[in-house]
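Report on one structure; see the data block that follows.
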Amino acid sequence: MSGRDEIFKDGAAFSDAFEFDAKVAGVFPDMIRRSVPGYDALERLTGLAAAEFAAEGTRCYDLGCSLGGASFAVVDAVEASGGIPGFEVIAVDNSKAMIAGLEARLAHRGTGGVPVNVVLADVLDVEISRASVVVLNYTLQFVSVERRECLLERVFDGLVPGGALILTEKIVFGEQRTDSLVSALHDAFKRANGYSDLEIAGKRAALEDVLIPETSEAHEVRLKGVGFYIVAKWFQALNFASFLAVKDKS
């Protein structure tokens, strides 16, 4: 069961870079819901969209799956649609703590008729094939900027014709006044969810140089550049945006 996120309560972690370790895994559901506006709505939409693109005998890759929130959303949506023969989910993360937590959740709740295969690996090293859906929710932002295009090219190549990528990221706006305004609103969101200014500052310091956000335009240009036929920013809440990118059927 998830605990309450108090990792930065005393400011002791200010000098430590953020890691997805056992401490974070233990409070991750609480942390992400109190920190990321629109998280629950986007998770449900991820499942619904995945169910629309999922096809018989194909896979959904959840890259950077953490505790499997998106994976379970996909499973639930596919099962609610009546099921898809031969469809499976491949859940990938490089954090041993997150993978252990996901395996515990799988043992507790199961997945019905949709297999979920858990893989401990770096998303940059995973072979992607026969995918009708790939989910990259809050993951690309932790990949070095110079390697992001290579990863997206591998995703594109691994998708079947008509397959889709769901990419969700923290973004910046590229204009100081706008970035300052939206950042202040994001801080207000976190305060309203019970975080103190000390906790907000502590997490910001820990994520500096670890999470590197880009503009929506940069993401859209890159997605089109690797070959996606449709690129749509289909969801945004403050400085978090999601893109739906579709491969041509031909």
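FYI, nothing fancy with the structure tokens labels: chains A, B, ... in order, residues from 1 per chain, ligands from 1 as they appear.
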For Lys190 in chain A: contacts at 7 Å, only C-alpha atoms, fewer than 5 positions along chain excluded, given as a PDB file with C-alpha atoms, in the first residue's frame:
```
ATOM      1  CA  ARG A  34      -0.227  15.520  -5.713  1.00  0.00           C
ATOM      2  CA  SER A  35       2.473  16.816  -8.078  1.00  0.00           C
ATOM      3  CA  TYR A 195       3.095  20.297   0.014  1.00  0.00           C
TER       4      TYR A 195
END
```
With range 128-133 of chain A as the partner and 10 Å as the cut-off, tabulate the residues of range 4-114 of chain A that qualify, each row holding the nearest pair of atoms and their distance in Å to one decimal, using only C-alpha atoms, sorted by chain and rising number, as a Markdown table.
```
| residue | atom | partner | partner_atom | distance |
| --- | --- | --- | --- | --- |
| A:Ala49 | CA | A:Val133 | CA | 9.0 |
| A:Ala50 | CA | A:Val133 | CA | 6.1 |
| A:Ala51 | CA | A:Val133 | CA | 8.8 |
| A:Glu52 | CA | A:Val133 | CA | 9.5 |
| A:Phe53 | CA | A:Ser132 | CA | 6.2 |
| A:Ala54 | CA | A:Ser132 | CA | 5.4 |
| A:Ala55 | CA | A:Ser132 | CA | 6.3 |
| A:Glu56 | CA | A:Ser132 | CA | 9.1 |
| A:Gly57 | CA | A:Arg130 | CA | 8.0 |
| A:Thr58 | CA | A:Arg130 | CA | 5.3 |
| A:Arg59 | CA | A:Ala131 | CA | 4.5 |
| A:Cys60 | CA | A:Val133 | CA | 4.6 |
| A:Tyr61 | CA | A:Val133 | CA | 6.5 |
| A:Asp62 | CA | A:Val133 | CA | 8.5 |
| A:Val74 | CA | A:Val133 | CA | 9.8 |
| A:Phe87 | CA | A:Ser132 | CA | 9.2 |
| A:Glu88 | CA | A:Ala131 | CA | 9.5 |
| A:Val89 | CA | A:Val133 | CA | 9.2 |
| A:Ile90 | CA | A:Ile128 | CA | 9.6 |
```
Which polymer residues have any atom within 7 Å of an atom of Ala121 in chain A, counting only C-alpha atoms, with same-chain residues fewer than 4 positions away left out, as a PyMOL selection string? chain A and resi 92-94+125-126
File dump, residues just selected, C-alpha atoms, as a JSON list (two decimals), in the first residue's frame:
```json
[["chain", "number", "residue", "atom", "x", "y", "z"],
["A", 92, "VAL", "CA", 9.56, -1.72, -18.88],
["A", 93, "ASP", "CA", 11.45, 0.20, -16.21],
["A", 94, "ASN", "CA", 15.09, 0.44, -15.11],
["A", 125, "ASP", "CA", 17.96, -0.93, -24.71],
["A", 126, "VAL", "CA", 14.58, -2.57, -25.24]]
```
Contact residues around Ala97 in chain A with only C-alpha atoms at 12 Å, ignoring same-chain residues under 5 positions, as a ChimeraX atom specification: /A:19-28,65-67,102-104,120
Can you list, as an NGL selection string, every protein, DNA or RNA residue that comes within 9 Å of Arg222 in chain A when you count only C-alpha atoms, leaving out same-chain residues fewer than 6 positions away? :A and (148-149 or 152)
Any idea what's packed within 7 Å of Thr168 in chain A, counting only C-alpha atoms, ignoring anything in its chain fewer than 4 positions away? Could you give it as a ChimeraX atom specification? /A:136-138,241-243
Which residues come within 8 Å of Val155 in chain A, counting only C-alpha atoms, excluding same-chain residues fewer than 4 positions away, as a PyMOL selection string? chain A and resi 128+134+151+159+165
Could those residues be written to a file, using N, CA and C atoms, as a compact mmCIF listing (two decimals), in the first residue's frame?
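File produced: selection_30.txt:
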```
# COMPACT_ATOMS: atom_id res chain seq x y z
N ILE A 128 11.77 -3.07 -29.62
CA ILE A 128 10.33 -2.82 -29.79
C ILE A 128 9.89 -3.43 -31.11
N VAL A 134 2.50 2.31 -28.07
CA VAL A 134 3.64 2.54 -27.17
C VAL A 134 3.28 3.72 -26.27
N LEU A 151 15.51 7.23 -29.61
CA LEU A 151 14.49 6.40 -28.97
C LEU A 151 13.19 6.46 -29.74
N LEU A 159 6.48 0.10 -34.34
CA LEU A 159 5.02 0.16 -34.43
C LEU A 159 4.54 -0.47 -35.73
N LEU A 165 1.71 6.18 -30.69
CA LEU A 165 2.52 6.52 -29.53
C LEU A 165 1.78 7.54 -28.69
```
Hey, which of A:Ala201, A:Met98, A:Leu124, A:Ile84 ends up closest to Arg147 in chain A? Count only C-alpha atoms. A:Leu124
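Note that CA of Thr46 in chain A and CA of Asp187 in chain A are 25.2 Å apart.
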Backbone-only DSSP, strand (DSSP E or B) members of range 129-226 of chain A, as an mmCIF file with C-alpha atoms, in the first residue's frame:
```
data_model
loop_
_atom_site.group_PDB
_atom_site.id
_atom_site.type_symbol
_atom_site.label_atom_id
_atom_site.label_comp_id
_atom_site.auth_asym_id
_atom_site.auth_seq_id
_atom_site.Cartn_x
_atom_site.Cartn_y
_atom_site.Cartn_z
ATOM 1 C CA ALA A 131 3.594 -2.813 -31.250
ATOM 2 C CA SER A 132 0.187 -1.311 -31.897
ATOM 3 C CA VAL A 133 0.633 1.068 -28.950
ATOM 4 C CA VAL A 134 3.641 2.544 -27.168
ATOM 5 C CA VAL A 135 3.216 4.603 -23.999
ATOM 6 C CA LEU A 136 5.941 7.055 -22.963
ATOM 7 C CA ASN A 137 4.297 8.864 -20.076
ATOM 8 C CA LEU A 159 5.021 0.157 -34.431
ATOM 9 C CA VAL A 160 2.781 -1.687 -36.866
ATOM 10 C CA PRO A 161 1.168 0.449 -39.608
ATOM 11 C CA GLY A 162 -1.593 2.513 -37.980
ATOM 12 C CA GLY A 163 -0.028 2.108 -34.539
ATOM 13 C CA ALA A 164 0.151 4.945 -32.014
ATOM 14 C CA LEU A 165 2.524 6.519 -29.530
ATOM 15 C CA ILE A 166 1.217 8.299 -26.438
ATOM 16 C CA LEU A 167 3.890 10.704 -25.196
ATOM 17 C CA THR A 168 3.344 12.733 -22.040
ATOM 18 C CA GLU A 169 5.876 15.242 -20.693
ATOM 19 C CA LYS A 170 6.436 18.211 -18.479
ATOM 20 C CA ILE A 171 6.887 21.158 -20.841
ATOM 21 C CA VAL A 172 8.223 24.692 -20.897
ATOM 22 C CA GLU A 214 11.214 20.979 -23.704
ATOM 23 C CA THR A 215 8.569 23.027 -25.485
#
```
Would you compute the distance between CA of Gly83 in chain A and CA of Lys249 in chain A? Give it in Å to one decimal. 22.4 Å
CA of Leu63 in chain A and CA of Phe8 in chain A, how far apart in Å?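 Between these atoms lies a distance of 26.7 Å.
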If you run DSSP on the backbone, which residues of range 13-227 of chain A are helix (DSSP H, G or I), as a PyMOL selection string? chain A and resi 22-25+28-35+39-53+69-80+96-109+123-125+140-142+145-158+176-192+197-207+216-226
Mind dumping the selected residues with C-alpha atoms as a JSON list (two decimals), in the first residue's frame?
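Produced file result.json, reproduced below:
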```
[["chain", "number", "residue", "atom", "x", "y", "z"],
["A", 22, "ALA", "CA", 12.67, 2.24, -2.90],
["A", 23, "LYS", "CA", 11.88, 5.43, -0.98],
["A", 24, "VAL", "CA", 10.23, 7.01, -4.03],
["A", 25, "ALA", "CA", 8.52, 3.77, -5.10],
["A", 28, "PHE", "CA", 4.95, 7.17, -5.81],
["A", 29, "PRO", "CA", 1.15, 7.04, -6.31],
["A", 30, "ASP", "CA", 0.68, 9.80, -3.72],
["A", 31, "MET", "CA", 3.64, 11.80, -5.08],
["A", 32, "ILE", "CA", 2.54, 11.85, -8.69],
["A", 33, "ARG", "CA", -1.12, 12.62, -8.00],
["A", 34, "ARG", "CA", -0.23, 15.52, -5.71],
["A", 35, "SER", "CA", 2.47, 16.82, -8.08],
["A", 39, "TYR", "CA", -2.62, 12.78, -13.85],
["A", 40, "ASP", "CA", -5.71, 10.64, -13.16],
["A", 41, "ALA", "CA", -7.61, 11.95, -16.19],
["A", 42, "LEU", "CA", -4.64, 11.39, -18.50],
["A", 43, "GLU", "CA", -4.08, 7.87, -17.17],
["A", 44, "ARG", "CA", -7.67, 6.92, -17.99],
["A", 45, "LEU", "CA", -7.44, 8.56, -21.42],
["A", 46, "THR", "CA", -4.23, 6.62, -22.07],
["A", 47, "GLY", "CA", -6.10, 3.37, -21.50],
["A", 48, "LEU", "CA", -9.02, 4.40, -23.68],
["A", 49, "ALA", "CA", -6.77, 5.51, -26.55],
["A", 50, "ALA", "CA", -4.66, 2.37, -26.31],
["A", 51, "ALA", "CA", -7.78, 0.21, -26.53],
["A", 52, "GLU", "CA", -8.75, 2.01, -29.75],
["A", 53, "PHE", "CA", -5.41, 1.25, -31.42],
["A", 69, "GLY", "CA", -0.47, 2.85, -13.70],
["A", 70, "ALA", "CA", -0.66, 3.16, -17.48],
["A", 71, "SER", "CA", -0.28, -0.59, -17.98],
["A", 72, "PHE", "CA", -3.27, -1.30, -15.75],
["A", 73, "ALA", "CA", -5.28, 1.45, -17.45],
["A", 74, "VAL", "CA", -4.60, -0.22, -20.81],
["A", 75, "VAL", "CA", -5.53, -3.65, -19.45],
["A", 76, "ASP", "CA", -8.77, -2.36, -17.94],
["A", 77, "ALA", "CA", -9.79, -0.53, -21.12],
["A", 78, "VAL", "CA", -9.02, -3.51, -23.37],
["A", 79, "GLU", "CA", -10.96, -5.86, -21.10],
["A", 80, "ALA", "CA", -13.89, -3.42, -20.99],
["A", 96, "LYS", "CA", 14.44, -2.33, -9.44],
["A", 97, "ALA", "CA", 12.21, -0.81, -6.76],
["A", 98, "MET", "CA", 9.51, 0.15, -9.26],
["A", 99, "ILE", "CA", 9.62, -3.27, -10.93],
["A", 100, "ALA", "CA", 9.33, -5.00, -7.55],
["A", 101, "GLY", "CA", 6.33, -2.81, -6.70],
["A", 102, "LEU", "CA", 4.69, -3.55, -10.05],
["A", 103, "GLU", "CA", 5.18, -7.29, -9.63],
["A", 104, "ALA", "CA", 3.58, -7.07, -6.18],
["A", 105, "ARG", "CA", 0.60, -5.21, -7.64],
["A", 106, "LEU", "CA", 0.28, -7.82, -10.40],
["A", 107, "ALA", "CA", 0.31, -10.63, -7.85],
["A", 108, "HIS", "CA", -2.38, -8.85, -5.85],
["A", 109, "ARG", "CA", -4.81, -7.85, -8.59],
["A", 123, "VAL", "CA", 14.08, 1.90, -22.26],
["A", 124, "LEU", "CA", 16.96, 2.74, -24.60],
["A", 125, "ASP", "CA", 17.96, -0.93, -24.71],
["A", 140, "LEU", "CA", 11.33, 10.90, -22.24],
["A", 141, "GLN", "CA", 12.01, 13.91, -20.00],
["A", 142, "PHE", "CA", 14.53, 11.76, -18.07],
["A", 145, "VAL", "CA", 18.05, 15.36, -25.04],
["A", 146, "GLU", "CA", 20.57, 14.10, -27.60],
["A", 147, "ARG", "CA", 19.20, 10.52, -27.31],
["A", 148, "ARG", "CA", 15.50, 11.32, -27.50],
["A", 149, "GLU", "CA", 15.24, 11.26, -31.28],
["A", 150, "CYS", "CA", 16.97, 7.87, -31.45],
["A", 151, "LEU", "CA", 14.49, 6.40, -28.97],
["A", 152, "LEU", "CA", 11.53, 7.80, -30.88],
["A", 153, "GLU", "CA", 12.91, 6.41, -34.14],
["A", 154, "ARG", "CA", 13.07, 2.96, -32.54],
["A", 155, "VAL", "CA", 9.50, 3.36, -31.29],
["A", 156, "PHE", "CA", 8.34, 4.38, -34.76],
["A", 157, "ASP", "CA", 10.11, 1.46, -36.42],
["A", 158, "GLY", "CA", 8.61, -0.98, -33.88],
["A", 176, "GLN", "CA", 10.13, 33.73, -19.48],
["A", 177, "ARG", "CA", 6.95, 35.49, -18.38],
["A", 178, "THR", "CA", 4.75, 32.58, -19.43],
["A", 179, "ASP", "CA", 7.06, 30.00, -17.86],
["A", 180, "SER", "CA", 7.12, 31.98, -14.60],
["A", 181, "LEU", "CA", 3.33, 32.29, -14.52],
["A", 182, "VAL", "CA", 2.61, 28.62, -15.20],
["A", 183, "SER", "CA", 5.37, 27.50, -12.82],
["A", 184, "ALA", "CA", 3.78, 29.62, -10.08],
["A", 185, "LEU", "CA", 0.39, 28.02, -10.80],
["A", 186, "HIS", "CA", 1.99, 24.58, -10.64],
["A", 187, "ASP", "CA", 3.46, 25.46, -7.23],
["A", 188, "ALA", "CA", 0.01, 26.61, -6.13],
["A", 189, "PHE", "CA", -1.41, 23.25, -7.26],
["A", 190, "LYS", "CA", 1.16, 21.43, -5.12],
["A", 191, "ARG", "CA", 0.49, 23.67, -2.11],
["A", 192, "ALA", "CA", -3.23, 22.98, -2.45],
["A", 197, "ASP", "CA", 7.22, 25.57, 0.15],
["A", 198, "LEU", "CA", 10.21, 23.70, 1.62],
["A", 199, "GLU", "CA", 9.07, 20.44, 0.02],
["A", 200, "ILE", "CA", 8.42, 22.14, -3.32],
["A", 201, "ALA", "CA", 11.87, 23.74, -3.31],
["A", 202, "GLY", "CA", 13.51, 20.47, -2.25],
["A", 203, "LYS", "CA", 12.01, 18.45, -5.06],
["A", 204, "ARG", "CA", 12.78, 21.17, -7.60],
["A", 205, "ALA", "CA", 16.43, 21.12, -6.53],
["A", 206, "ALA", "CA", 16.59, 17.32, -6.69],
["A", 207, "LEU", "CA", 15.14, 17.24, -10.22],
["A", 216, "SER", "CA", 5.50, 21.49, -27.12],
["A", 217, "GLU", "CA", 6.84, 22.68, -30.45],
["A", 218, "ALA", "CA", 10.12, 20.80, -29.95],
["A", 219, "HIS", "CA", 8.22, 17.58, -29.25],
["A", 220, "GLU", "CA", 5.93, 18.04, -32.24],
["A", 221, "VAL", "CA", 8.81, 18.77, -34.63],
["A", 222, "ARG", "CA", 10.72, 15.70, -33.43],
["A", 223, "LEU", "CA", 7.69, 13.41, -33.71],
["A", 224, "LYS", "CA", 6.96, 14.58, -37.25],
["A", 225, "GLY", "CA", 10.64, 14.31, -38.10],
["A", 226, "VAL", "CA", 10.81, 10.60, -37.24]]
```
